[in-house]
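K.L.:
Following this line is model14.txt, made up of compact mmCIF, N, CA and C atoms:
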```txt
# COMPACT_ATOMS: atom_id res chain seq x y z
N MET A 9 -53.28 -56.01 -34.12
CA MET A 9 -53.94 -54.90 -34.77
C MET A 9 -54.39 -53.90 -33.72
N ALA A 10 -54.03 -52.67 -33.87
CA ALA A 10 -54.40 -51.62 -32.93
C ALA A 10 -55.84 -51.18 -33.18
N SER A 11 -56.58 -50.98 -32.11
CA SER A 11 -57.95 -50.50 -32.25
C SER A 11 -57.96 -48.98 -32.12
N VAL A 12 -58.98 -48.38 -32.70
CA VAL A 12 -59.12 -46.93 -32.66
C VAL A 12 -60.02 -46.58 -31.49
N TRP A 13 -59.61 -45.63 -30.69
CA TRP A 13 -60.37 -45.19 -29.53
C TRP A 13 -61.20 -43.99 -29.95
N TRP A 14 -62.51 -44.16 -30.01
CA TRP A 14 -63.40 -43.09 -30.42
C TRP A 14 -63.61 -42.11 -29.29
N LYS A 15 -63.45 -40.84 -29.56
CA LYS A 15 -63.67 -39.77 -28.60
C LYS A 15 -64.69 -38.81 -29.20
N PRO A 16 -65.85 -38.65 -28.56
CA PRO A 16 -66.85 -37.75 -29.13
C PRO A 16 -66.34 -36.31 -29.16
N PRO A 17 -66.48 -35.67 -30.29
CA PRO A 17 -66.03 -34.27 -30.38
C PRO A 17 -66.99 -33.32 -29.68
N ILE A 18 -66.50 -32.18 -29.32
CA ILE A 18 -67.32 -31.14 -28.71
C ILE A 18 -68.42 -30.74 -29.69
N GLY A 19 -69.62 -30.57 -29.18
CA GLY A 19 -70.73 -30.11 -30.01
C GLY A 19 -71.51 -31.21 -30.69
N ILE A 20 -71.15 -32.46 -30.46
CA ILE A 20 -71.85 -33.58 -31.08
C ILE A 20 -73.27 -33.67 -30.51
N SER A 21 -74.22 -34.14 -31.30
CA SER A 21 -75.61 -34.22 -30.84
C SER A 21 -75.91 -35.62 -30.28
N TRP A 22 -76.73 -35.65 -29.21
CA TRP A 22 -77.00 -36.89 -28.48
C TRP A 22 -78.49 -37.16 -28.33
N GLN A 23 -78.83 -38.42 -28.30
CA GLN A 23 -80.15 -38.90 -27.88
C GLN A 23 -79.89 -39.82 -26.71
N TRP A 24 -80.39 -39.47 -25.54
CA TRP A 24 -80.14 -40.23 -24.32
C TRP A 24 -81.42 -40.93 -23.93
N GLN A 25 -81.48 -42.26 -24.05
CA GLN A 25 -82.67 -43.03 -23.72
C GLN A 25 -82.28 -44.23 -22.89
N LEU A 26 -82.72 -44.25 -21.64
CA LEU A 26 -82.30 -45.30 -20.73
C LEU A 26 -83.39 -46.30 -20.38
N SER A 27 -84.49 -46.29 -21.09
CA SER A 27 -85.53 -47.28 -20.79
C SER A 27 -86.09 -47.86 -22.08
N GLY A 28 -86.20 -49.15 -22.08
CA GLY A 28 -86.83 -49.86 -23.19
C GLY A 28 -85.92 -50.14 -24.36
N ASP A 29 -86.27 -51.20 -25.09
CA ASP A 29 -85.51 -51.61 -26.27
C ASP A 29 -86.11 -50.99 -27.53
N ASP A 30 -87.16 -50.20 -27.37
CA ASP A 30 -87.83 -49.56 -28.49
C ASP A 30 -87.20 -48.18 -28.73
N ILE A 31 -86.03 -48.19 -29.37
CA ILE A 31 -85.28 -46.96 -29.62
C ILE A 31 -85.86 -46.24 -30.83
N ASP A 32 -86.12 -44.95 -30.67
CA ASP A 32 -86.66 -44.13 -31.75
C ASP A 32 -85.51 -43.65 -32.64
N PRO A 33 -85.39 -44.16 -33.86
CA PRO A 33 -84.28 -43.78 -34.73
C PRO A 33 -84.49 -42.48 -35.50
N THR A 34 -85.59 -41.78 -35.25
CA THR A 34 -85.90 -40.60 -36.06
C THR A 34 -85.19 -39.31 -35.66
N PRO A 35 -84.77 -39.12 -34.39
CA PRO A 35 -84.06 -37.87 -34.09
C PRO A 35 -82.77 -37.76 -34.92
N ASN A 36 -82.52 -36.58 -35.41
CA ASN A 36 -81.32 -36.34 -36.23
C ASN A 36 -80.14 -36.05 -35.29
N VAL A 37 -79.55 -37.13 -34.76
CA VAL A 37 -78.45 -37.01 -33.80
C VAL A 37 -77.29 -37.90 -34.23
N ASP A 38 -76.12 -37.60 -33.68
CA ASP A 38 -74.91 -38.35 -33.98
C ASP A 38 -74.70 -39.56 -33.07
N VAL A 39 -75.19 -39.46 -31.83
CA VAL A 39 -74.91 -40.47 -30.82
C VAL A 39 -76.18 -40.85 -30.06
N TYR A 40 -76.32 -42.14 -29.82
CA TYR A 40 -77.37 -42.65 -28.95
C TYR A 40 -76.70 -43.18 -27.69
N ASP A 41 -77.20 -42.80 -26.52
CA ASP A 41 -76.73 -43.29 -25.23
C ASP A 41 -77.87 -44.12 -24.67
N VAL A 42 -77.68 -45.45 -24.62
CA VAL A 42 -78.77 -46.36 -24.27
C VAL A 42 -78.31 -47.39 -23.24
N ASP A 43 -79.28 -48.01 -22.58
CA ASP A 43 -79.02 -48.94 -21.50
C ASP A 43 -78.42 -50.27 -21.98
N LEU A 44 -77.42 -50.72 -21.27
CA LEU A 44 -76.75 -51.99 -21.58
C LEU A 44 -77.72 -53.16 -21.66
N PHE A 45 -78.57 -53.30 -20.65
CA PHE A 45 -79.43 -54.48 -20.56
C PHE A 45 -80.71 -54.35 -21.38
N ASP A 46 -81.23 -53.14 -21.53
CA ASP A 46 -82.48 -52.94 -22.26
C ASP A 46 -82.29 -52.88 -23.77
N THR A 47 -81.06 -52.73 -24.23
CA THR A 47 -80.80 -52.56 -25.65
C THR A 47 -80.09 -53.78 -26.22
N GLY A 48 -80.70 -54.37 -27.23
CA GLY A 48 -80.13 -55.55 -27.86
C GLY A 48 -79.07 -55.21 -28.90
N ALA A 49 -78.26 -56.19 -29.21
CA ALA A 49 -77.20 -56.01 -30.21
C ALA A 49 -77.77 -55.61 -31.57
N GLU A 50 -78.97 -56.09 -31.89
CA GLU A 50 -79.59 -55.76 -33.17
C GLU A 50 -79.93 -54.27 -33.26
N VAL A 51 -80.27 -53.66 -32.13
CA VAL A 51 -80.56 -52.22 -32.12
C VAL A 51 -79.28 -51.44 -32.37
N VAL A 52 -78.20 -51.83 -31.66
CA VAL A 52 -76.91 -51.18 -31.86
C VAL A 52 -76.49 -51.30 -33.32
N ALA A 53 -76.62 -52.50 -33.86
CA ALA A 53 -76.23 -52.75 -35.26
C ALA A 53 -77.08 -51.95 -36.24
N SER A 54 -78.34 -51.70 -35.91
CA SER A 54 -79.21 -50.95 -36.82
C SER A 54 -78.87 -49.46 -36.85
N LEU A 55 -78.26 -48.95 -35.81
CA LEU A 55 -77.91 -47.52 -35.76
C LEU A 55 -76.59 -47.22 -36.48
N HIS A 56 -75.68 -48.17 -36.48
CA HIS A 56 -74.37 -47.95 -37.11
C HIS A 56 -74.43 -47.61 -38.60
N PRO A 57 -75.24 -48.30 -39.41
CA PRO A 57 -75.29 -47.95 -40.85
C PRO A 57 -75.83 -46.55 -41.11
N GLN A 58 -76.49 -45.97 -40.12
CA GLN A 58 -77.01 -44.61 -40.23
C GLN A 58 -75.94 -43.58 -39.85
N GLY A 59 -74.72 -44.07 -39.59
CA GLY A 59 -73.63 -43.17 -39.22
C GLY A 59 -73.64 -42.75 -37.77
N ARG A 60 -74.35 -43.48 -36.94
CA ARG A 60 -74.48 -43.10 -35.53
C ARG A 60 -73.58 -43.95 -34.65
N ARG A 61 -73.07 -43.33 -33.60
CA ARG A 61 -72.32 -44.03 -32.56
C ARG A 61 -73.31 -44.40 -31.48
N VAL A 62 -73.00 -45.48 -30.74
CA VAL A 62 -73.91 -45.93 -29.70
C VAL A 62 -73.11 -46.15 -28.41
N VAL A 63 -73.54 -45.46 -27.34
CA VAL A 63 -72.87 -45.52 -26.05
C VAL A 63 -73.65 -46.45 -25.12
N CYS A 64 -72.91 -47.27 -24.39
CA CYS A 64 -73.46 -48.26 -23.47
C CYS A 64 -73.54 -47.68 -22.06
N TYR A 65 -74.75 -47.39 -21.60
CA TYR A 65 -74.95 -46.90 -20.23
C TYR A 65 -74.99 -48.09 -19.28
N LEU A 66 -74.24 -48.00 -18.18
CA LEU A 66 -74.31 -49.00 -17.13
C LEU A 66 -74.01 -48.37 -15.79
N SER A 67 -74.57 -48.95 -14.74
CA SER A 67 -74.27 -48.45 -13.40
C SER A 67 -73.01 -49.15 -12.91
N ALA A 68 -72.01 -48.36 -12.56
CA ALA A 68 -70.76 -48.91 -12.06
C ALA A 68 -70.64 -48.78 -10.54
N GLY A 69 -71.49 -47.97 -9.94
CA GLY A 69 -71.38 -47.73 -8.50
C GLY A 69 -72.62 -48.03 -7.71
N SER A 70 -73.62 -48.61 -8.37
CA SER A 70 -74.83 -48.96 -7.64
C SER A 70 -75.38 -50.31 -8.11
N TRP A 71 -76.07 -50.96 -7.19
CA TRP A 71 -76.76 -52.22 -7.44
C TRP A 71 -78.20 -51.87 -7.76
N GLU A 72 -78.75 -52.50 -8.81
CA GLU A 72 -80.11 -52.21 -9.22
C GLU A 72 -80.93 -53.50 -9.21
N ASP A 73 -82.02 -53.48 -8.48
CA ASP A 73 -82.91 -54.63 -8.42
C ASP A 73 -83.48 -54.90 -9.81
N GLY A 74 -83.53 -56.14 -10.20
CA GLY A 74 -84.15 -56.51 -11.46
C GLY A 74 -83.22 -56.60 -12.65
N ARG A 75 -81.95 -56.30 -12.47
CA ARG A 75 -81.00 -56.47 -13.57
C ARG A 75 -80.65 -57.95 -13.71
N PRO A 76 -80.27 -58.39 -14.90
CA PRO A 76 -79.97 -59.82 -15.08
C PRO A 76 -78.85 -60.35 -14.18
N ASP A 77 -77.95 -59.47 -13.74
CA ASP A 77 -76.84 -59.91 -12.90
C ASP A 77 -77.01 -59.53 -11.43
N THR A 78 -78.23 -59.18 -11.02
CA THR A 78 -78.50 -58.76 -9.65
C THR A 78 -77.97 -59.76 -8.63
N ALA A 79 -78.20 -61.03 -8.87
CA ALA A 79 -77.81 -62.08 -7.91
C ALA A 79 -76.30 -62.28 -7.85
N ASP A 80 -75.54 -61.73 -8.79
CA ASP A 80 -74.09 -61.89 -8.80
C ASP A 80 -73.38 -61.03 -7.76
N PHE A 81 -74.06 -60.02 -7.24
CA PHE A 81 -73.46 -59.09 -6.29
C PHE A 81 -73.49 -59.66 -4.88
N PRO A 82 -72.33 -59.89 -4.26
CA PRO A 82 -72.31 -60.39 -2.88
C PRO A 82 -72.93 -59.36 -1.93
N LYS A 83 -73.66 -59.85 -0.93
CA LYS A 83 -74.35 -58.97 0.01
C LYS A 83 -73.41 -57.99 0.70
N GLU A 84 -72.17 -58.41 0.95
CA GLU A 84 -71.25 -57.55 1.70
C GLU A 84 -70.80 -56.30 0.94
N ILE A 85 -71.09 -56.20 -0.36
CA ILE A 85 -70.73 -54.98 -1.09
C ILE A 85 -71.93 -54.10 -1.41
N ILE A 86 -73.13 -54.55 -1.01
CA ILE A 86 -74.34 -53.76 -1.25
C ILE A 86 -74.56 -52.84 -0.06
N GLY A 87 -74.61 -51.54 -0.33
CA GLY A 87 -74.69 -50.54 0.72
C GLY A 87 -76.09 -49.97 0.92
N LYS A 88 -76.10 -48.71 1.29
CA LYS A 88 -77.34 -48.01 1.63
C LYS A 88 -78.18 -47.73 0.38
N ASP A 89 -79.45 -47.45 0.64
CA ASP A 89 -80.36 -47.08 -0.45
C ASP A 89 -79.84 -45.88 -1.21
N TYR A 90 -80.03 -45.90 -2.50
CA TYR A 90 -79.71 -44.76 -3.36
C TYR A 90 -80.95 -43.87 -3.33
N VAL A 91 -80.89 -42.79 -2.59
CA VAL A 91 -82.04 -41.93 -2.35
C VAL A 91 -82.62 -41.43 -3.67
N GLY A 92 -83.93 -41.60 -3.80
CA GLY A 92 -84.64 -41.14 -4.99
C GLY A 92 -84.79 -42.21 -6.06
N TRP A 93 -84.16 -43.36 -5.87
CA TRP A 93 -84.22 -44.44 -6.86
C TRP A 93 -84.60 -45.73 -6.16
N PRO A 94 -85.89 -46.01 -6.02
CA PRO A 94 -86.32 -47.25 -5.35
C PRO A 94 -85.72 -48.49 -6.02
N GLY A 95 -85.28 -49.44 -5.19
CA GLY A 95 -84.71 -50.67 -5.72
C GLY A 95 -83.25 -50.53 -6.11
N GLU A 96 -82.63 -49.40 -5.76
CA GLU A 96 -81.22 -49.19 -6.10
C GLU A 96 -80.45 -48.89 -4.82
N LYS A 97 -79.24 -49.46 -4.72
CA LYS A 97 -78.39 -49.27 -3.55
C LYS A 97 -76.96 -49.00 -3.99
N TRP A 98 -76.25 -48.27 -3.15
CA TRP A 98 -74.84 -47.99 -3.43
C TRP A 98 -74.01 -49.25 -3.28
N LEU A 99 -72.86 -49.28 -3.94
CA LEU A 99 -71.93 -50.40 -3.82
C LEU A 99 -70.66 -49.97 -3.10
N ASP A 100 -70.05 -50.90 -2.40
CA ASP A 100 -68.76 -50.66 -1.76
C ASP A 100 -67.69 -50.91 -2.83
N ILE A 101 -67.27 -49.83 -3.48
CA ILE A 101 -66.32 -49.97 -4.58
C ILE A 101 -64.90 -50.28 -4.11
N ARG A 102 -64.67 -50.25 -2.80
CA ARG A 102 -63.36 -50.61 -2.27
C ARG A 102 -63.10 -52.10 -2.43
N ARG A 103 -64.16 -52.88 -2.60
CA ARG A 103 -64.03 -54.33 -2.75
C ARG A 103 -63.94 -54.69 -4.23
N ILE A 104 -62.91 -54.17 -4.88
CA ILE A 104 -62.72 -54.42 -6.31
C ILE A 104 -62.52 -55.91 -6.59
N ASP A 105 -62.05 -56.66 -5.58
CA ASP A 105 -61.90 -58.11 -5.76
C ASP A 105 -63.25 -58.78 -6.01
N LEU A 106 -64.31 -58.24 -5.43
CA LEU A 106 -65.65 -58.78 -5.62
C LEU A 106 -66.41 -58.07 -6.74
N LEU A 107 -66.21 -56.77 -6.86
CA LEU A 107 -66.94 -55.97 -7.84
C LEU A 107 -66.33 -56.05 -9.24
N GLY A 108 -65.02 -56.16 -9.30
CA GLY A 108 -64.32 -56.16 -10.58
C GLY A 108 -64.82 -57.18 -11.59
N PRO A 109 -64.98 -58.45 -11.19
CA PRO A 109 -65.47 -59.44 -12.16
C PRO A 109 -66.88 -59.13 -12.68
N ILE A 110 -67.73 -58.57 -11.84
CA ILE A 110 -69.10 -58.25 -12.26
C ILE A 110 -69.07 -57.11 -13.28
N LEU A 111 -68.31 -56.07 -12.97
CA LEU A 111 -68.22 -54.95 -13.91
C LEU A 111 -67.48 -55.36 -15.18
N GLY A 112 -66.49 -56.24 -15.04
CA GLY A 112 -65.80 -56.75 -16.23
C GLY A 112 -66.76 -57.49 -17.15
N ALA A 113 -67.67 -58.26 -16.57
CA ALA A 113 -68.67 -58.97 -17.38
C ALA A 113 -69.61 -57.98 -18.07
N ARG A 114 -69.94 -56.91 -17.38
CA ARG A 114 -70.80 -55.89 -18.00
C ARG A 114 -70.08 -55.22 -19.18
N LEU A 115 -68.81 -54.92 -19.00
CA LEU A 115 -68.05 -54.31 -20.09
C LEU A 115 -67.91 -55.28 -21.26
N ASP A 116 -67.71 -56.54 -20.96
CA ASP A 116 -67.64 -57.55 -22.02
C ASP A 116 -68.95 -57.61 -22.81
N LEU A 117 -70.08 -57.47 -22.10
CA LEU A 117 -71.38 -57.48 -22.76
C LEU A 117 -71.54 -56.25 -23.66
N CYS A 118 -71.07 -55.08 -23.18
CA CYS A 118 -71.08 -53.87 -24.02
C CYS A 118 -70.33 -54.15 -25.32
N LYS A 119 -69.16 -54.73 -25.20
CA LYS A 119 -68.33 -55.02 -26.37
C LYS A 119 -69.03 -56.02 -27.30
N ALA A 120 -69.58 -57.08 -26.71
CA ALA A 120 -70.23 -58.11 -27.51
C ALA A 120 -71.44 -57.58 -28.27
N LYS A 121 -72.11 -56.59 -27.71
CA LYS A 121 -73.28 -56.00 -28.38
C LYS A 121 -72.88 -54.97 -29.43
N GLY A 122 -71.60 -54.60 -29.49
CA GLY A 122 -71.12 -53.70 -30.54
C GLY A 122 -71.15 -52.23 -30.19
N PHE A 123 -71.28 -51.89 -28.93
CA PHE A 123 -71.28 -50.48 -28.53
C PHE A 123 -69.94 -49.83 -28.86
N ASP A 124 -69.97 -48.52 -29.06
CA ASP A 124 -68.77 -47.75 -29.40
C ASP A 124 -68.07 -47.16 -28.18
N ALA A 125 -68.80 -47.01 -27.08
CA ALA A 125 -68.25 -46.38 -25.89
C ALA A 125 -69.08 -46.82 -24.69
N VAL A 126 -68.61 -46.45 -23.49
CA VAL A 126 -69.29 -46.81 -22.25
C VAL A 126 -69.52 -45.55 -21.41
N GLU A 127 -70.72 -45.45 -20.82
CA GLU A 127 -71.02 -44.40 -19.85
C GLU A 127 -71.22 -45.06 -18.49
N PRO A 128 -70.17 -45.10 -17.65
CA PRO A 128 -70.35 -45.66 -16.31
C PRO A 128 -71.00 -44.61 -15.40
N ASP A 129 -72.14 -44.96 -14.83
CA ASP A 129 -72.88 -44.02 -13.99
C ASP A 129 -72.71 -44.36 -12.51
N ASN A 130 -73.10 -43.44 -11.68
CA ASN A 130 -73.10 -43.59 -10.23
C ASN A 130 -71.69 -43.83 -9.68
N VAL A 131 -70.77 -43.05 -10.16
CA VAL A 131 -69.38 -43.15 -9.70
C VAL A 131 -69.04 -42.03 -8.72
N ASP A 132 -70.08 -41.44 -8.14
CA ASP A 132 -69.89 -40.34 -7.20
C ASP A 132 -70.27 -40.72 -5.79
N GLY A 133 -70.05 -41.99 -5.43
CA GLY A 133 -70.38 -42.44 -4.09
C GLY A 133 -69.66 -41.65 -3.01
N TYR A 134 -68.50 -41.13 -3.30
CA TYR A 134 -67.74 -40.35 -2.34
C TYR A 134 -68.48 -39.09 -1.89
N GLN A 135 -69.47 -38.66 -2.66
CA GLN A 135 -70.26 -37.47 -2.31
C GLN A 135 -71.56 -37.83 -1.63
N ASN A 136 -71.79 -39.10 -1.35
CA ASN A 136 -73.06 -39.56 -0.80
C ASN A 136 -72.85 -40.45 0.41
N GLU A 137 -73.93 -40.67 1.15
CA GLU A 137 -73.92 -41.60 2.28
C GLU A 137 -74.17 -42.99 1.70
N THR A 138 -73.10 -43.71 1.47
CA THR A 138 -73.23 -45.00 0.80
C THR A 138 -73.30 -46.17 1.77
```
Starting from the file, give its structure as structure tokens.

P.N.:
Amino acid sequence: MASVWWKPPIGISWQWQLSGDDIDPTPNVDVYDVDLFDTGAEVVASLHPQGRRVVCYLSAGSWEDGRPDTADFPKEIIGKDYVGWPGEKWLDIRRIDLLGPILGARLDLCKAKGFDAVEPDNVDGYQNET
């Protein structure tokens, strides 16, 4: 069975909330962009009947202290501090052999929670001192 790939149309309205599992469902928007780890599957499921799409935010290029999978990142791929974000460091994305399984698990979790799309953040390491 072929799956349908959802592409947000131009002009769609968004609610972007990256902290906490207490999502405010009152804004009249089409899409919620929320954190992978802070947002439970029940929240995603509660937004769908309202006709809303839900995007899974995750960091693909940085390590963040305090995430459930923090210990899964080998020390050799953790780079310099991410300036302006205490507890966050750049990742060596050249080591896809080490990073790939961790990001794959994150994407699997997005899927398991019922998200409609993924927003991979911090993919601009090439513009920074990593």

K.L.:
Quick check, in Å to one decimal: how far apart do CA of Glu137 (chain A) and atom N of Asp41 (chain A) lie?

P.N.:
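Pair CA of Glu137 (chain A) / atom N of Asp41 (chain A) returns 29.0 Å.
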
K.L.:
Just want the 8 Å neighbourhood of Asp30 (chain A), counted on all atoms listed in the file, with same-chain residues fewer than 3 positions away dropped. Output as a PyMOL selection string.

P.N.:
chain A and resi 27+33+46-48

K.L.:
Please return as a PyMOL selection string: the residues of region 40-127 of chain A that backbone DSSP assigns to strand (DSSP E).

P.N.:
chain A and resi 40-43+61-67+70-72+86-89+96-99+125-127

K.L.:
Between A:Leu99, A:Leu106, A:Pro35, A:Val52, which residue has the minimum interatomic distance to Lys121 (chain A), considering all atoms listed in the file?

P.N.:
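Nearest candidate to Lys121 (chain A) out of A:Leu99, A:Leu106, A:Pro35, A:Val52: A:Val52.
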
K.L.:
Kindly indicate which residue among A:Ile101, A:Ala79, A:Ile86, A:Cys118 lies nearest to Tyr65 (chain A), using all atoms listed in the file for the distances.

P.N.:
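Ranked by minimum distance to Tyr65 (chain A), first place goes to A:Cys118.
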
K.L.:
Could you work out how far CA of Pro128 (chain A) lies from CA of Asp73 (chain A), giving the answer in Å with one decimal?

P.N.:
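We find that CA of Asp73 (chain A) and CA of Pro128 (chain A) lie 17.3 Å from each other.
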
K.L.:
Within 5 Å of (-75.9, -48.0, -25.6) (coordinates as in the file), grab all the protein and nucleic acid residues, counting all atoms listed in the file, and write them out as a ChimeraX atom specification.

P.N.:
/A:41-43,62-65

K.L.:
Please provide as a compact mmCIF listing (two decimals) with N, CA and C atoms, in the frame of the given file all residues within 8 Å of Ala53 (chain A), with the sequence filter that same-chain residues fewer than 4 positions apart are discarded (counting only N, CA and C atoms).

P.N.:
```txt
# COMPACT_ATOMS: atom_id res chain seq x y z
N GLY A 48 -80.70 -54.37 -27.23
CA GLY A 48 -80.13 -55.55 -27.86
C GLY A 48 -79.07 -55.21 -28.90
N ALA A 49 -78.26 -56.19 -29.21
CA ALA A 49 -77.20 -56.01 -30.21
C ALA A 49 -77.77 -55.61 -31.57
N PRO A 57 -75.24 -48.30 -39.41
CA PRO A 57 -75.29 -47.95 -40.85
C PRO A 57 -75.83 -46.55 -41.11
N GLN A 58 -76.49 -45.97 -40.12
CA GLN A 58 -77.01 -44.61 -40.23
C GLN A 58 -75.94 -43.58 -39.85
N LYS A 121 -72.11 -56.59 -27.71
CA LYS A 121 -73.28 -56.00 -28.38
C LYS A 121 -72.88 -54.97 -29.43
N GLY A 122 -71.60 -54.60 -29.49
CA GLY A 122 -71.12 -53.70 -30.54
C GLY A 122 -71.15 -52.23 -30.19
N PHE A 123 -71.28 -51.89 -28.93
CA PHE A 123 -71.28 -50.48 -28.53
C PHE A 123 -69.94 -49.83 -28.86
```

K.L.:
Can you tell me, as a ChimeraX atom specification, what residues are no more than 8 Å from Phe45 (chain A) when counting only N, CA and C atoms, ignoring any on the same chain fewer than 6 positions away?

P.N.:
/A:28-29,64-66,75-76

K.L.:
Would you compute the distance between CA of Arg103 (chain A) and CA of Leu44 (chain A)? Give it in Å to one decimal.

P.N.:
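Distance between the two atoms: 22.8 Å.
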
K.L.:
Which residues, written as a ChimeraX atom specification, have at least one atom at most 12 Å from Gly19 (chain A), with only C-alpha atoms counted and residues fewer than 2 positions away on the same chain left out?

P.N.:
/A:16-17,21-22,37-39

K.L.:
Could you name the residues that touch region 68-72 of chain A at 6.5 Å or less, counting all atoms listed in the file, but leaving out those on the same chain fewer than 4 positions away, as an MDAnalysis selection string?

P.N.:
chainID A and resid 78 95:99 128:132
